[in-house]
Every structure is written in C-alpha cells, then in structure tokens.
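The structure under discussion appears below in the form of structure tokens.
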Amino acid sequence: MVLTFLRLTFLVVLAGVAVIVVKAGLYPQDLQWTAWLIVLGIMAIGGAVILLDILIPRKPLEIISSVYFGLIVGLFLSYVAGLALTPVFESLQTEERVRNVVQLILAAVLCYVCISFLFQTKDDFRFIIPYVEFTKEVKGRRPYILDTSVIIDGRIADLVETNLFDSRLVIPRFVINELQAIADSADRSKRARGRRGLDILHRLRNNPDVELNIWDRDLPEFAGQSVDVKLVTLAKHLEGRLVTNDYNLNKVARVHGVRVININDLANALKPRFLPGEQIQVRLVKPGEEERQGVGYLDDGTMVVVEDGREYVGKTVVLNVTSVLQTSAGRMIFGRFERVVEHNAHARDASVA
C-alpha cells in the first residue's frame, strides 16, 4: 500500500515537472505538438522507472550503496579537482564552456573509478548504512565458508536452523558451479548427490533467518588452483572459518592456519560417551576382518567391533567396552563378548513364527 502511494506520488510530481518544462517554453513554439511529446516523454520515463522497480523487487543493498557512496565521493573529488585547476584555467584564459567540459569529464571519470573500486572491494570493508552495519555486528564478523561436501551432506541446513552459527554463511561461486557439474553428471549416484546439494542450497537461501552470501569475485590467488586450495585461500582472505566434511581438506586447512568446523566432528561430539568397562547391547550383522570378530552398529551409525562375536552374527549380544577410537571419519567401539541377550532372541523367534 505504501509503495503504491509512493509510485502515484512520483507520477504526480513528474506531471508537475512536465508542466513546468512546457511553461518554460524550452521548445520550438511553432510546433505545438512538441509540448505534448515532452509531457508524454517525461511520463514514459516515470513509467519505465516504476516498471523496473516492480521487476526487481529485491535490490542488492551492497550494489546500491556502492553506487550511492561512489557518486558522492566522485562528485566531491571532481569539485576539488575543479578548484585545483582554476588557476590553470585563468592563466591559460580558458573559456567558460571549456572549463565546464573539462569538469564534466573529470566528474564522469572519477565517479566511474570510485564506483568500480567499491564494487571490487565491497566485501573487504564496511561502509554501507548504519543500521546494516549494526545488523552485521550482531551476526558476527567472521563468516563461515561452506564447501561442496557439507552442502551435499545436508545436515548444515538443520544445524543453521538451530541458530548454532552466529555469523553469515558464504558460498563461493565455484562451489555452486561444482554442484551443478555433479548434478549434470552421467553417473546416477553423483547426479542424485548433486541435486540434493542444490536442494539444500535452495533451502538455505529461502530461510529468512539465514544470512547467505554468494562470493562472485575471483582473487588473483585463485588462478590455476583447485577448489580445495581456493576454499582455503578464500577463508584466509575473509578471516573466516571453513565448514566441511572433507577429511583431506580439513588437514590442508589446518596446515594453512585456517580454522575448520567439521560436521562429522560435531556429530561425534554429540554422540553418547562410552568408557572402558561399560556394558552395551548391539546386534551383530556381519563378521569382522579379524578372526572371531563380529561387527554391529548402534542407532547413530557407530561401528562396534566385538571380540569372540563371530559365531553370534544375527543375534543381539552384550559386550564389555575395551576401547573407543575417535576420528574425524567417525567413531569405533571395541569390546569383548559377554553374553547373548536371550529374551530378544526369543522375541524375534516368536515374531517369525
């Protein structure tokens, strides 16, 4: 409603401007139809502006701010340059129209340079509008850079919805391109993973509580580098943290001094702790690699290796935990067979019967 009122007011103001222009007589008086052409032309310009405003409902604030701030700085610099050149013009006895042309060229060049500079460096410092700056401070200063593996994994969307991340998410354009390439792969499994990653990306973009930025710039250090190296370089450039599931990328990032958040490590940290000497139950589903070993899995996917459990595959057993191996790839529990859970076995036999 407010926008509709604003647009109608804008058209009324333009109509008033058209009347002023016509009354000023700035057109050939012998051609009366020119007055109507001027009025229609001004109103057409207003209609085009409103149509463009409707077609682009979401204006990128950083682009608008860059143009606005660049124009202010460019015009100020051109004014200062004009003052500095005034003695030169007077000594050369330059005509007034020549001075105006020179200042106009200076204004155009300096405005372009300032706007271009801000476009290329808008992510390196903050200059926008005060309330936007305050909002960004609340969100945190160090962004999270997402890689391909963590987007395909999908758990990042659930974690973001829990308000665990206190800063903006950054997805580089080359990561999106990699996702699209995987989604277009001839391999069915790769194609399914790529499409799932694109669905997760769409889910993150549609979440109003998520501040998601697409990084479109190409740093000079990106030339000829792999995606992993580009991610590490970008994380260092933004002083951010890399979010990944890739074990190798995790190691490379840590070597370069980049902080890494591994979703697998986070998931493992939330799993229940088992200490040596505790007893747990697990259903053995297959033989282990070593002789007399049986292997089962807990509900959260943790692998359990049971000594002397090979002959009890297909049954639920109680084991005594001997050790726990924790890595970024997951958790493994090692234990020694204690006994078969007889009541579970009888219940399963009864259900089968």
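As shown in the structure tokens, the chain order sets the letters A, B, ...; within each chain, residues go from 1, and ligands are also counted from 1 in the order they appear.
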
Who sits within 9 Å of A:Glu239, only C-alpha atoms, same chain under 5 positions skipped, as an MDAnalysis selection string: chainID A and resid 141:143 234 258

Spatial neighbours of stretch 64-74 of chain A, 6 Å, only C-alpha atoms, chain gap at least 4 places, as a PDB file with N, CA, C and O atoms, in the first residue's frame:
```
ATOM      1  N   LEU A 110      35.970  10.230 -12.469  1.00  0.00           N
ATOM      2  CA  LEU A 110      36.153   9.981 -11.042  1.00  0.00           C
ATOM      3  C   LEU A 110      34.985   9.195 -10.445  1.00  0.00           C
ATOM      4  O   LEU A 110      35.190   8.322  -9.588  1.00  0.00           O
ATOM      5  N   CYS A 111      33.757   9.468 -10.888  1.00  0.00           N
ATOM      6  CA  CYS A 111      32.607   8.696 -10.401  1.00  0.00           C
ATOM      7  C   CYS A 111      32.728   7.237 -10.816  1.00  0.00           C
ATOM      8  O   CYS A 111      32.476   6.320 -10.015  1.00  0.00           O
ATOM      9  N   CYS A 114      35.494   5.525  -8.680  1.00  0.00           N
ATOM     10  CA  CYS A 114      35.065   5.292  -7.302  1.00  0.00           C
ATOM     11  C   CYS A 114      34.052   4.152  -7.208  1.00  0.00           C
ATOM     12  O   CYS A 114      34.158   3.273  -6.336  1.00  0.00           O
ATOM     13  N   ILE A 115      33.067   4.146  -8.105  1.00  0.00           N
ATOM     14  CA  ILE A 115      32.058   3.077  -8.074  1.00  0.00           C
ATOM     15  C   ILE A 115      32.700   1.728  -8.384  1.00  0.00           C
ATOM     16  O   ILE A 115      32.420   0.710  -7.733  1.00  0.00           O
ATOM     17  N   LEU A 118      34.632   0.452  -5.374  1.00  0.00           N
ATOM     18  CA  LEU A 118      33.767  -0.052  -4.311  1.00  0.00           C
ATOM     19  C   LEU A 118      33.135  -1.388  -4.686  1.00  0.00           C
ATOM     20  O   LEU A 118      32.941  -2.247  -3.825  1.00  0.00           O
ATOM     21  N   ILE A 128      28.427   0.714   4.444  1.00  0.00           N
ATOM     22  CA  ILE A 128      27.045   0.847   3.973  1.00  0.00           C
ATOM     23  C   ILE A 128      26.244   1.789   4.871  1.00  0.00           C
ATOM     24  O   ILE A 128      26.707   2.848   5.248  1.00  0.00           O
TER      25      ILE A 128
END
```

Counting only C-alpha atoms, what is within 8 Å of A:Ile171, bar same-chain residues fewer than 3 positions away, as a PyMOL selection string? chain A and resi 145-147+175-176+212-215

Within stretch 48-279 of chain A, find each residue whose DSSP state, derived from the backbone, is helix (DSSP H, G or I), and express the selection as an MDAnalysis selection string. chainID A and resid 48:55 61:91 96:121 130:139 148:153 155:161 173:183 188:205 220:222 227:238 247:255 263:269

Compile a residue-level contact table for stretch 86-202 of chain A against stretch 263-272 of chain A at a cut-off of 12 Å, reporting for every qualifying residue the shortest atom pair and its distance in Å to one decimal, with only C-alpha atoms counted, rows ordered by chain and ascending number, as JSON lines.
```
{"residue": "A:Leu146", "atom": "CA", "partner": "A:Ile263", "partner_atom": "CA", "distance": 11.0}
{"residue": "A:Asp147", "atom": "CA", "partner": "A:Ile263", "partner_atom": "CA", "distance": 11.4}
{"residue": "A:Ser149", "atom": "CA", "partner": "A:Ile263", "partner_atom": "CA", "distance": 10.0}
{"residue": "A:Val150", "atom": "CA", "partner": "A:Ile263", "partner_atom": "CA", "distance": 7.4}
{"residue": "A:Ile151", "atom": "CA", "partner": "A:Ile263", "partner_atom": "CA", "distance": 10.7}
{"residue": "A:Ile152", "atom": "CA", "partner": "A:Ile263", "partner_atom": "CA", "distance": 12.0}
{"residue": "A:Asp153", "atom": "CA", "partner": "A:Ile263", "partner_atom": "CA", "distance": 9.1}
{"residue": "A:Gly154", "atom": "CA", "partner": "A:Ile263", "partner_atom": "CA", "distance": 10.2}
{"residue": "A:Arg155", "atom": "CA", "partner": "A:Ile263", "partner_atom": "CA", "distance": 7.9}
{"residue": "A:Ile156", "atom": "CA", "partner": "A:Ile263", "partner_atom": "CA", "distance": 7.8}
{"residue": "A:Ala157", "atom": "CA", "partner": "A:Ile263", "partner_atom": "CA", "distance": 11.5}
{"residue": "A:Asp158", "atom": "CA", "partner": "A:Ile263", "partner_atom": "CA", "distance": 11.4}
{"residue": "A:Leu159", "atom": "CA", "partner": "A:Ile263", "partner_atom": "CA", "distance": 9.4}
{"residue": "A:Val160", "atom": "CA", "partner": "A:Ile263", "partner_atom": "CA", "distance": 11.8}
{"residue": "A:Leu164", "atom": "CA", "partner": "A:Leu266", "partner_atom": "CA", "distance": 11.3}
```

Quick one: distance from atom CA of A:Tyr297 to atom CA of A:Arg331 in Å, one decimal? 10.7 Å

Spatial neighbours of A:Leu325, 12 Å, only C-alpha atoms, chain gap at least 2 places, as a PyMOL selection string: chain A and resi 268+273-276+302-305+321-323+327-335

Counting only C-alpha atoms, what is within 10 Å of A:Glu161, bar same-chain residues fewer than 5 positions away, as a list in words? Ile156, Leu204, Asn207, Asp209 and Val210 of chain A

Could you state the separation of atom CA of A:Val227 and atom CA of A:Asn163 in Å, given to one decimal place?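 Interatomic distance here is 28.0 Å.
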
Can you tell me, as a list in words, what residues are no more than 8 Å from A:Val285 when counting only C-alpha atoms, ignoring any on the same chain fewer than 4 positions away? Gly294, Val295, Gly296, Tyr297, Val313, Gly314 and Lys315 of chain A
